[in-house]
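Asker: Below you'll find coords.cif; it's mmCIF, C-alpha atoms.
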data_my_file
#
loop_
_atom_site.label_atom_id
_atom_site.label_comp_id
_atom_site.auth_asym_id
_atom_site.auth_seq_id
_atom_site.Cartn_x
_atom_site.Cartn_y
_atom_site.Cartn_z
CA MET A 1 0.00 0.00 0.00
CA LEU A 2 2.82 2.38 0.89
CA MET A 3 4.52 1.75 -2.44
CA LYS A 4 1.28 2.54 -4.38
CA LEU A 5 0.95 5.93 -2.66
CA VAL A 6 4.50 7.05 -3.37
CA PRO A 7 3.92 8.36 -6.96
CA VAL A 8 0.87 10.39 -5.88
CA THR A 9 2.78 11.81 -2.92
CA ALA A 10 5.67 12.75 -5.17
CA LEU A 11 3.28 14.51 -7.58
CA LEU A 12 1.65 16.59 -4.84
CA ALA A 13 5.02 17.49 -3.37
CA ALA A 14 6.26 18.60 -6.78
CA VAL A 15 3.23 20.85 -7.32
CA ALA A 16 3.72 22.36 -3.89
CA LEU A 17 7.39 23.08 -4.64
CA THR A 18 6.48 25.17 -7.69
CA GLY A 19 5.10 27.83 -5.30
CA PRO A 20 1.60 29.09 -4.45
CA ALA A 21 -0.53 30.79 -7.13
CA HIS A 22 -0.68 34.26 -5.57
CA SER A 23 -3.33 36.63 -6.98
CA ALA A 24 -2.14 39.89 -8.51
CA PRO A 25 -2.60 43.11 -6.50
CA THR A 26 -6.06 44.60 -6.90
CA THR A 27 -6.17 47.62 -9.21
CA PRO A 28 -8.62 50.40 -8.22
CA VAL A 29 -11.65 50.43 -10.49
CA GLY A 30 -10.99 53.02 -13.16
CA GLY A 31 -7.19 53.03 -12.96
CA ASP A 32 -4.20 53.07 -10.63
CA LEU A 33 -4.18 56.85 -10.15
CA LEU A 34 -7.66 56.73 -8.65
CA GLY A 35 -6.53 54.67 -5.67
CA GLY A 36 -5.16 57.56 -3.63
CA ARG A 37 -6.81 60.01 -1.26
CA GLY A 38 -5.31 63.21 -2.60
CA LEU A 39 -5.98 65.33 -5.65
CA VAL A 40 -5.27 63.70 -9.00
CA LYS A 41 -5.04 66.03 -11.99
CA PRO A 42 -3.57 65.89 -15.49
CA ASP A 43 -0.23 67.50 -16.31
CA GLY A 44 0.06 70.69 -18.30
CA ILE A 45 -3.09 72.37 -17.02
CA LYS A 46 -4.09 74.39 -14.01
CA ALA A 47 -5.56 72.34 -11.14
CA PRO A 48 -9.34 72.33 -10.70
CA PRO A 49 -10.80 75.10 -8.50
CA LYS A 50 -10.57 74.45 -4.78
CA SER A 51 -13.51 72.71 -3.14
CA LYS A 52 -14.40 71.95 0.46
CA ALA A 53 -15.67 68.55 -0.63
CA THR A 54 -13.75 65.62 0.86
CA SER A 55 -14.15 63.72 -2.38
CA TYR A 56 -15.04 64.54 -5.98
CA VAL A 57 -14.85 63.34 -9.58
CA ILE A 58 -14.94 65.31 -12.85
CA ALA A 59 -15.61 63.08 -15.87
CA ASP A 60 -16.55 63.20 -19.55
CA LEU A 61 -19.88 61.42 -20.09
CA GLU A 62 -19.28 60.32 -23.68
CA THR A 63 -15.74 58.97 -23.37
CA GLY A 64 -15.87 57.97 -19.71
CA GLU A 65 -12.57 59.77 -19.14
CA VAL A 66 -11.96 60.93 -15.57
CA LEU A 67 -10.40 64.37 -16.01
CA ALA A 68 -9.59 65.01 -12.34
CA ALA A 69 -10.49 63.55 -8.98
CA LYS A 70 -9.96 63.87 -5.26
CA ASN A 71 -10.19 60.73 -3.11
CA PRO A 72 -12.55 59.22 -5.72
CA HIS A 73 -12.97 55.83 -4.03
CA GLY A 74 -13.40 57.18 -0.51
CA ARG A 75 -16.49 55.52 0.98
CA TYR A 76 -18.99 57.87 2.59
CA LEU A 77 -22.67 58.13 3.41
CA PRO A 78 -24.39 59.16 0.15
CA ALA A 79 -27.56 60.78 1.60
CA SER A 80 -30.19 61.37 -1.13
CA THR A 81 -27.73 60.99 -4.00
CA LEU A 82 -28.39 57.26 -3.49
CA LYS A 83 -31.82 57.91 -5.03
CA THR A 84 -30.01 57.91 -8.39
CA LEU A 85 -29.42 54.18 -7.90
CA THR A 86 -33.02 53.67 -6.76
CA ALA A 87 -34.32 55.31 -9.93
CA LEU A 88 -31.85 53.55 -12.23
CA THR A 89 -32.79 50.17 -10.73
CA LEU A 90 -36.57 50.57 -10.65
CA ILE A 91 -37.40 52.54 -13.80
CA PRO A 92 -37.01 49.45 -16.05
CA LYS A 93 -38.96 47.26 -13.59
CA LEU A 94 -42.09 49.32 -12.96
CA ASP A 95 -44.87 50.31 -15.38
CA LYS A 96 -44.92 54.11 -15.17
CA ASN A 97 -48.72 54.14 -15.73
CA ARG A 98 -49.44 51.74 -12.86
CA THR A 99 -51.44 53.18 -9.96
CA VAL A 100 -49.87 52.85 -6.51
CA LYS A 101 -51.54 53.01 -3.09
CA PRO A 102 -48.74 53.93 -0.62
CA SER A 103 -48.58 52.06 2.68
CA ARG A 104 -48.74 53.82 6.03
CA ASN A 105 -45.06 52.99 6.45
CA ALA A 106 -44.22 54.78 3.19
CA VAL A 107 -46.31 57.82 4.07
CA ASN A 108 -44.63 58.15 7.48
CA GLN A 109 -41.00 58.05 6.33
CA GLU A 110 -38.79 60.54 8.15
CA GLY A 111 -36.94 63.39 6.49
CA THR A 112 -37.77 65.07 3.21
CA ALA A 113 -41.17 64.06 1.85
CA VAL A 114 -43.41 65.01 -1.04
CA GLY A 115 -46.52 64.54 1.12
CA LEU A 116 -48.04 61.20 0.08
CA THR A 117 -51.33 59.89 1.46
CA THR A 118 -52.51 56.28 1.72
CA LYS A 119 -54.91 56.73 -1.18
CA PRO A 120 -54.47 55.31 -4.71
CA LEU A 121 -53.83 58.70 -6.28
CA TYR A 122 -50.37 58.17 -7.73
CA LYS A 123 -48.94 56.76 -10.89
CA VAL A 124 -45.45 55.27 -10.76
CA ASP A 125 -44.49 58.18 -13.02
CA ASP A 126 -45.62 60.64 -10.33
CA LEU A 127 -43.57 58.85 -7.69
CA PHE A 128 -40.40 58.97 -9.77
CA ARG A 129 -40.85 62.72 -10.23
CA ALA A 130 -41.33 63.08 -6.47
CA LEU A 131 -38.21 60.96 -5.90
CA MET A 132 -35.84 62.84 -8.21
CA MET A 133 -37.29 66.36 -8.10
CA SER A 134 -38.47 66.75 -4.49
CA SER A 135 -36.24 64.03 -2.97
CA GLY A 136 -39.28 62.40 -1.36
CA ASN A 137 -38.29 59.68 1.08
CA ASP A 138 -41.96 58.68 1.16
CA ALA A 139 -41.88 58.26 -2.63
CA ALA A 140 -38.72 56.12 -2.35
CA MET A 141 -40.42 53.72 0.03
CA ALA A 142 -43.63 53.61 -2.03
CA LEU A 143 -41.62 52.69 -5.13
CA ALA A 144 -39.68 50.04 -3.22
CA GLU A 145 -42.94 48.47 -2.05
CA ALA A 146 -44.36 48.65 -5.59
CA ASN A 147 -41.35 46.60 -6.68
CA GLY A 148 -42.49 43.76 -4.38
CA SER A 149 -40.94 44.61 -1.03
CA LEU A 150 -38.22 46.67 0.60
CA ALA A 151 -35.98 43.60 0.91
CA LYS A 152 -36.34 42.75 -2.79
CA THR A 153 -35.63 46.34 -3.80
CA MET A 154 -32.46 46.52 -1.70
CA SER A 155 -31.29 43.26 -3.26
CA ASP A 156 -32.03 44.63 -6.75
CA MET A 157 -30.23 47.91 -6.04
CA ASN A 158 -27.11 46.20 -4.76
CA ALA A 159 -27.12 43.83 -7.72
CA GLU A 160 -27.35 46.82 -10.05
CA ALA A 161 -24.44 48.49 -8.27
CA LYS A 162 -22.33 45.36 -8.79
CA ARG A 163 -23.33 45.24 -12.47
CA LEU A 164 -22.12 48.82 -12.86
CA GLN A 165 -18.89 47.86 -11.01
CA ALA A 166 -19.80 50.44 -8.38
CA ASN A 167 -18.09 48.31 -5.76
CA ASP A 168 -17.87 51.05 -3.12
CA THR A 169 -21.66 51.21 -2.96
CA VAL A 170 -23.77 49.35 -0.41
CA ALA A 171 -27.43 50.34 -0.34
CA LYS A 172 -29.38 49.85 2.88
CA THR A 173 -32.31 52.20 2.18
CA PRO A 174 -34.03 53.29 -1.06
CA SER A 175 -34.05 56.92 0.09
CA GLY A 176 -30.45 57.35 1.19
CA LEU A 177 -31.43 57.98 4.81
CA ASP A 178 -28.38 57.17 6.94
CA LYS A 179 -28.05 53.57 8.02
CA PRO A 180 -24.99 51.68 9.35
CA GLY A 181 -23.10 49.95 6.55
CA GLN A 182 -24.52 52.11 3.78
CA SER A 183 -21.90 53.74 1.55
CA SER A 184 -20.95 55.03 -1.86
CA SER A 185 -18.13 57.03 -3.43
CA ALA A 186 -17.75 59.96 -5.81
CA TYR A 187 -16.50 57.49 -8.44
CA ASP A 188 -19.51 55.20 -8.00
CA LEU A 189 -21.98 58.09 -8.12
CA ALA A 190 -20.42 59.10 -11.45
CA LEU A 191 -20.88 55.53 -12.76
CA ILE A 192 -24.52 55.52 -11.65
CA ALA A 193 -25.18 58.96 -13.16
CA ARG A 194 -23.61 57.94 -16.46
CA ALA A 195 -25.82 54.85 -16.67
CA GLY A 196 -28.89 56.84 -15.65
CA LEU A 197 -28.31 59.52 -18.27
CA ALA A 198 -28.55 56.82 -20.95
CA ASN A 199 -32.19 56.26 -19.91
CA PRO A 200 -34.68 58.78 -21.40
CA ASP A 201 -37.08 58.54 -18.44
CA PHE A 202 -34.27 59.08 -15.95
CA ARG A 203 -33.20 62.18 -17.90
CA ARG A 204 -36.77 63.46 -17.96
CA TYR A 205 -37.22 63.16 -14.21
CA ILE A 206 -33.94 64.85 -13.27
CA SER A 207 -34.33 67.75 -15.73
CA THR A 208 -37.93 68.68 -14.92
CA LYS A 209 -38.02 71.97 -13.03
CA THR A 210 -41.66 71.99 -11.89
CA ALA A 211 -44.55 69.54 -12.14
CA LYS A 212 -48.13 69.05 -10.99
CA PHE A 213 -48.45 66.42 -8.28
CA PRO A 214 -51.68 64.56 -7.40
CA ALA A 215 -53.48 65.47 -4.18
CA PRO A 216 -56.77 64.37 -2.54
CA LYS A 217 -58.26 67.58 -3.90
CA ASN A 218 -56.90 68.25 -7.37
CA TYR A 219 -53.07 68.75 -7.32
CA TYR A 220 -50.20 70.90 -6.08
CA GLU A 221 -46.93 71.95 -7.68
CA ILE A 222 -43.56 70.46 -6.84
CA SER A 223 -40.17 71.83 -7.89
CA ASN A 224 -36.71 70.40 -8.45
CA HIS A 225 -34.27 70.86 -5.55
CA ASN A 226 -31.31 71.16 -7.94
CA LYS A 227 -30.58 74.90 -7.88
CA LEU A 228 -28.24 74.68 -10.87
CA LEU A 229 -31.15 73.89 -13.18
CA TRP A 230 -31.98 77.59 -12.93
CA ARG A 231 -28.43 78.93 -12.64
CA TYR A 232 -26.03 76.96 -14.83
CA LYS A 233 -26.08 77.07 -18.63
CA GLY A 234 -26.67 73.61 -20.10
CA MET A 235 -27.51 71.96 -16.77
CA ILE A 236 -29.27 68.61 -17.24
CA GLY A 237 -29.75 67.93 -13.54
CA VAL A 238 -29.29 64.75 -11.49
CA LYS A 239 -29.46 64.86 -7.64
CA ASN A 240 -28.37 66.60 -4.46
CA GLY A 241 -28.41 65.24 -0.90
CA TRP A 242 -27.72 66.17 2.68
CA THR A 243 -27.93 64.69 6.16
CA SER A 244 -26.20 65.77 9.35
CA LYS A 245 -23.93 62.70 9.18
CA ALA A 246 -23.33 62.58 5.43
CA LEU A 247 -23.05 66.37 5.01
CA GLY A 248 -23.61 67.72 1.51
CA SER A 249 -23.38 65.56 -1.58
CA PHE A 250 -24.23 66.24 -5.20
CA VAL A 251 -24.31 64.59 -8.61
CA GLY A 252 -24.58 66.95 -11.57
CA ALA A 253 -24.35 66.83 -15.36
CA ALA A 254 -24.36 69.62 -17.91
CA THR A 255 -24.07 69.79 -21.71
CA ARG A 256 -22.28 72.42 -23.77
CA GLY A 257 -21.22 72.27 -27.41
CA GLY A 258 -22.53 68.73 -27.72
CA HIS A 259 -20.44 67.42 -24.83
CA THR A 260 -21.53 66.45 -21.31
CA ILE A 261 -19.51 66.75 -18.12
CA ILE A 262 -20.37 64.93 -14.88
CA VAL A 263 -19.33 66.27 -11.47
CA THR A 264 -19.90 64.37 -8.23
CA ILE A 265 -18.97 65.56 -4.74
CA MET A 266 -19.27 64.02 -1.27
CA ARG A 267 -18.96 65.32 2.29
CA HIS A 268 -19.13 69.03 1.64
CA ASP A 269 -19.61 71.09 4.79
CA GLY A 270 -21.32 74.17 3.42
CA TYR A 271 -22.81 75.80 0.34
CA PHE A 272 -21.54 73.86 -2.65
CA TRP A 273 -23.51 75.13 -5.66
CA ASP A 274 -20.96 77.71 -6.82
CA GLU A 275 -18.09 75.26 -6.35
CA VAL A 276 -19.86 72.66 -8.48
CA ALA A 277 -20.39 75.26 -11.22
CA ASP A 278 -16.66 76.06 -11.14
CA LEU A 279 -15.74 72.35 -11.36
CA LEU A 280 -18.07 71.95 -14.35
CA ASP A 281 -16.44 74.95 -16.05
CA TRP A 282 -13.02 73.41 -15.49
CA GLY A 283 -14.23 70.10 -16.94
CA PHE A 284 -15.50 71.73 -20.14
CA ALA A 285 -12.20 73.60 -20.51
CA ALA A 286 -10.10 70.45 -19.96
CA ARG A 287 -12.02 67.81 -21.93
CA GLY A 288 -10.29 66.68 -25.11
CA LYS A 289 -7.10 68.54 -24.22
CA VAL A 290 -5.58 66.50 -21.40
CA THR A 291 -4.53 62.95 -20.64
CA PRO A 292 -7.21 61.47 -18.38
CA VAL A 293 -6.27 60.33 -14.90
CA GLY A 294 -8.67 57.40 -15.03
CA ARG A 295 -11.81 56.10 -16.64
CA LEU A 296 -15.44 55.38 -15.81
CA VAL A 297 -15.66 51.65 -16.51
CA ASP A 298 -18.48 50.16 -18.53
CA PRO A 299 -21.16 48.01 -16.86
CA LEU A 300 -20.74 44.25 -16.84
CA PRO A 301 -22.80 42.42 -19.48
CA VAL A 302 -26.25 41.27 -18.46
CA ILE A 303 -26.75 37.50 -18.65
CA LEU A 304 -30.40 36.77 -19.45
CA PRO A 305 -32.09 33.59 -18.10
CA ALA A 306 -32.56 32.33 -21.68
CA GLN A 307 -28.83 32.68 -22.30
CA GLN A 308 -28.08 30.77 -19.13
CA ALA A 309 -30.48 27.98 -20.12
CA THR A 310 -28.98 27.55 -23.61
CA ALA A 311 -25.38 27.81 -22.49
CA PRO A 312 -23.37 24.72 -23.55
CA VAL A 313 -22.69 22.14 -20.89
CA VAL A 314 -18.97 21.72 -20.29
CA THR A 315 -17.71 18.49 -18.74
CA ALA A 316 -15.55 19.17 -15.72
CA PRO A 317 -11.90 18.16 -16.24
CA PRO A 318 -10.07 15.96 -13.72
CA VAL A 319 -9.35 17.66 -10.42
CA THR A 320 -5.58 17.67 -10.96
CA ALA A 321 -5.77 19.56 -14.28
CA PRO A 322 -7.09 22.92 -13.01
CA LEU A 323 -4.84 22.62 -9.98
CA LEU A 324 -1.78 22.41 -12.20
CA ASP A 325 -3.10 25.04 -14.63
CA ARG A 326 -3.78 27.59 -11.88
CA ALA A 327 -0.37 26.99 -10.34
CA ALA A 328 1.41 27.19 -13.69
CA SER A 329 -0.42 30.34 -14.83
CA LYS A 330 1.08 32.30 -11.95
CA GLN A 331 4.68 31.25 -12.54
CA THR A 332 7.56 32.89 -14.37
CA ASP A 333 9.40 31.06 -17.16
CA THR A 334 12.14 30.09 -14.69
CA SER A 335 9.73 28.79 -12.09
CA ARG A 336 7.84 26.83 -14.75
CA THR A 337 11.06 25.16 -15.88
CA VAL A 338 12.09 24.29 -12.34
CA GLY A 339 8.59 23.11 -11.57
CA SER A 340 8.50 20.87 -14.62
CA ILE A 341 11.86 19.32 -13.68
CA VAL A 342 10.73 18.73 -10.11
CA ILE A 343 7.43 17.24 -11.23
CA GLY A 344 9.10 15.03 -13.84
CA GLY A 345 11.74 13.94 -11.33
CA GLY A 346 9.13 13.21 -8.71
CA LEU A 347 7.08 11.11 -11.13
CA LEU A 348 10.17 9.24 -12.35
CA PHE A 349 11.23 8.55 -8.76
CA GLY A 350 7.78 7.22 -7.97
CA LEU A 351 7.71 4.97 -11.04
CA VAL A 352 11.17 3.59 -10.29
CA TRP A 353 10.18 2.96 -6.66
CA LEU A 354 7.01 1.20 -7.78
CA GLY A 355 8.93 -0.90 -10.33
CA CYS A 356 11.43 -1.98 -7.70
CA GLY A 357 8.62 -2.96 -5.39
CA ILE A 358 6.96 -5.08 -8.07
CA ARG A 359 10.23 -6.87 -8.92
CA ARG A 360 10.88 -7.52 -5.21
CA ARG A 361 7.40 -8.95 -4.79
CA ARG A 362 7.92 -11.25 -7.80
CA ARG A 363 11.26 -12.53 -6.42
CA LEU A 364 9.63 -13.26 -3.08
CA ALA A 365 6.81 -15.06 -4.84
CA LEU A 366 9.22 -17.20 -6.92
CA ARG A 367 11.36 -18.00 -3.85
CA SER A 368 8.24 -19.06 -1.95
CA ARG A 369 7.10 -21.21 -4.85
CA GLY A 370 10.57 -22.89 -4.98
CA LEU A 371 10.36 -23.75 -1.27
CA GLU A 372 6.89 -25.29 -1.81
CA ASP A 373 8.19 -27.40 -4.72
CA SER A 374 11.12 -28.59 -2.56
CA GLU A 375 8.83 -29.65 0.26
CA SER A 376 6.58 -31.50 -2.17
CA SER A 377 9.50 -33.53 -3.58
CA ARG A 378 10.50 -34.58 -0.10
CA LEU A 379 7.01 -35.92 0.52
#
Translate the structure described by the file into structure tokens.
Answerer:
Amino acid sequence: MLMKLVPVTALLAAVALTGPAHSAPTTPVGGDLLGGRGLVKPDGIKAPPKSKATSYVIADLETGEVLAAKNPHGRYLPASTLKTLTALTLIPKLDKNRTVKPSRNAVNQEGTAVGLTTKPLYKVDDLFRALMMSSGNDAAMALAEANGSLAKTMSDMNAEAKRLQANDTVAKTPSGLDKPGQSSSAYDLALIARAGLANPDFRRYISTKTAKFPAPKNYYEISNHNKLLWRYKGMIGVKNGWTSKALGSFVGAATRGGHTIIVTIMRHDGYFWDEVADLLDWGFAARGKVTPVGRLVDPLPVILPAQQATAPVVTAPPVTAPLLDRAASKQTDTSRTVGSIVIGGGLLFGLVWLGCGIRRRRRLALRSRGLEDSESSRL
């Protein structure tokens, strides 16, 4: 038994001697330069205007080029800018003409509210306007419930964040109200905004300045909280947010000369509107003239259930094959050569050992048979 195990033992020892298959260092999403906490700007151009924001990103919508950034992957509470992810996730899932009867829980959400009642007065379309224009936390919960449940909506939002490669984002509420473990980053908010701006309904909601909103008696008017819609030339919109823990946050996009610039900021302690306008101006001046410091990555491809069902079935290879492949793929040419020699030597040693054992067993068998023949002749 011992002799039979020797070749296998030699093989495993040889694989171990080639060294562990260490994974390569993780690169920050969007590029190496985006991994730091300080300001990252292109060479040959004046730095972006100063901002009190702890974190920000300036990016070109069309190309995805990050033109400048400050602590872009810093994880912070997103406040109501998280509603951009809520809208992006739910717009494709909900019929905008469907009537919704908000629950008492939705109506009684804390913080900013559009003033919902528990009556079936609202279309999904109305609730999205209330979400993105008036930052209604009550509208956020009503939409989450219309999607099946709060738990399902949070699962859908986090899955959408992963699809976008917004890996700094963890959604715990549909409204952005502070909750332990919830986070996002200026980089992720730019990814979400870029994806949202590709959706015509998303664009319509964020760019609407005023709208009529249903009420038990007729309607009332709601207005967009984004002050730059009235102040900044070419402003498309997107979303602002604030809580006492998150401080000020903002996602904005504007178009000039056929080009769109995205600016996202997080943790701004004060009045940020003028600073955002200055960052947008800098982005328009820099785009197309500088080497980007990073890139907004594209979303991962969506795998539809039908594609999964028709996917070809692949027979699993023997266990030892992927083990050797994974180990070999991480080696240098030198280590591969050494590893091959060690493996070959180990196998050869095992085969020789096994051959010697077989020959020894045969000699013992012949010797025993000779003794039996001798005893028989004596009888």
Asker: With a distance cut-off of 9 Å and only C-alpha atoms, select the neighbouring residues of range 188-196 of chain A, excluding the residue or stretch itself and same-chain residues fewer than 2 positions from it, and output the selection as a ChimeraX atom specification.
Answerer: /A:57-59,61-62,64,72-73,78,81-82,84-85,87-88,161,164-169,184-186,198-203,238,250-253,262-265,296-299
Asker: Would you mind telling me which residue in A:Leu228, A:Ala69, A:Leu300, A:Ile236 lies nearest to Ala277 in chain A when using only C-alpha atoms?
Answerer: A:Leu228
Asker: So the first atom is CA of Asn108 in chain A and the second is CA of Ser175 in chain A; what is the distance between them in Å, to one decimal place?
Answerer: 13.0 Å
Asker: Find, counting all atoms listed in the file, the residue in A:Ala254, A:Val107, A:Leu177, A:Met266 that gets nearest to Lys119 in chain A.
Answerer: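 Residue with the minimum atom-to-atom distance to Lys119 in chain A: A:Val107.
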Asker: With distances taken over only C-alpha atoms, which of A:Pro49, A:Asn240, A:Ala215, A:Leu34 is nearest to Leu116 in chain A?
Answerer: A:Ala215
Asker: Restricting the calculation to all atoms listed in the file: of A:Ala246, A:Leu143, A:Val290, A:Ala47, which residue gets closest to Gln182 in chain A?
Answerer: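 Closest to Gln182 in chain A, using all atoms listed in the file: A:Ala246.
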Asker: When you look at Ser149 in chain A with a cut-off of 12 Å (counting all atoms listed in the file), what residues show up, excluding the ones that are within fewer than 6 positions of it in the same chain? I need them as a CSV table (one decimal) with C-alpha atoms, keeping the file's coordinate frame.
Answerer:
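Result file is part-v5.csv:
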chain,number,residue,atom,x,y,z
A,103,SER,CA,-48.6,52.1,2.7
A,105,ASN,CA,-45.1,53.0,6.4
A,106,ALA,CA,-44.2,54.8,3.2
A,140,ALA,CA,-38.7,56.1,-2.4
A,141,MET,CA,-40.4,53.7,0.0
A,142,ALA,CA,-43.6,53.6,-2.0
A,143,LEU,CA,-41.6,52.7,-5.1
A,155,SER,CA,-31.3,43.3,-3.3
A,156,ASP,CA,-32.0,44.6,-6.8
A,173,THR,CA,-32.3,52.2,2.2
A,174,PRO,CA,-34.0,53.3,-1.1
Asker: Quick one: of A:Arg256, A:Lys179, A:Arg287, A:Lys233, who's nearest to Leu77 in chain A, counting only C-alpha atoms?
Answerer: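 With only C-alpha atoms as the atom set, the closest residue is A:Lys179.
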Asker: Interatomic distance between CA of Asp60 in chain A and CA of Ile261 in chain A?
Answerer: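 Answer for the CA of Asp60 in chain A to CA of Ile261 in chain A separation: 4.8 Å.
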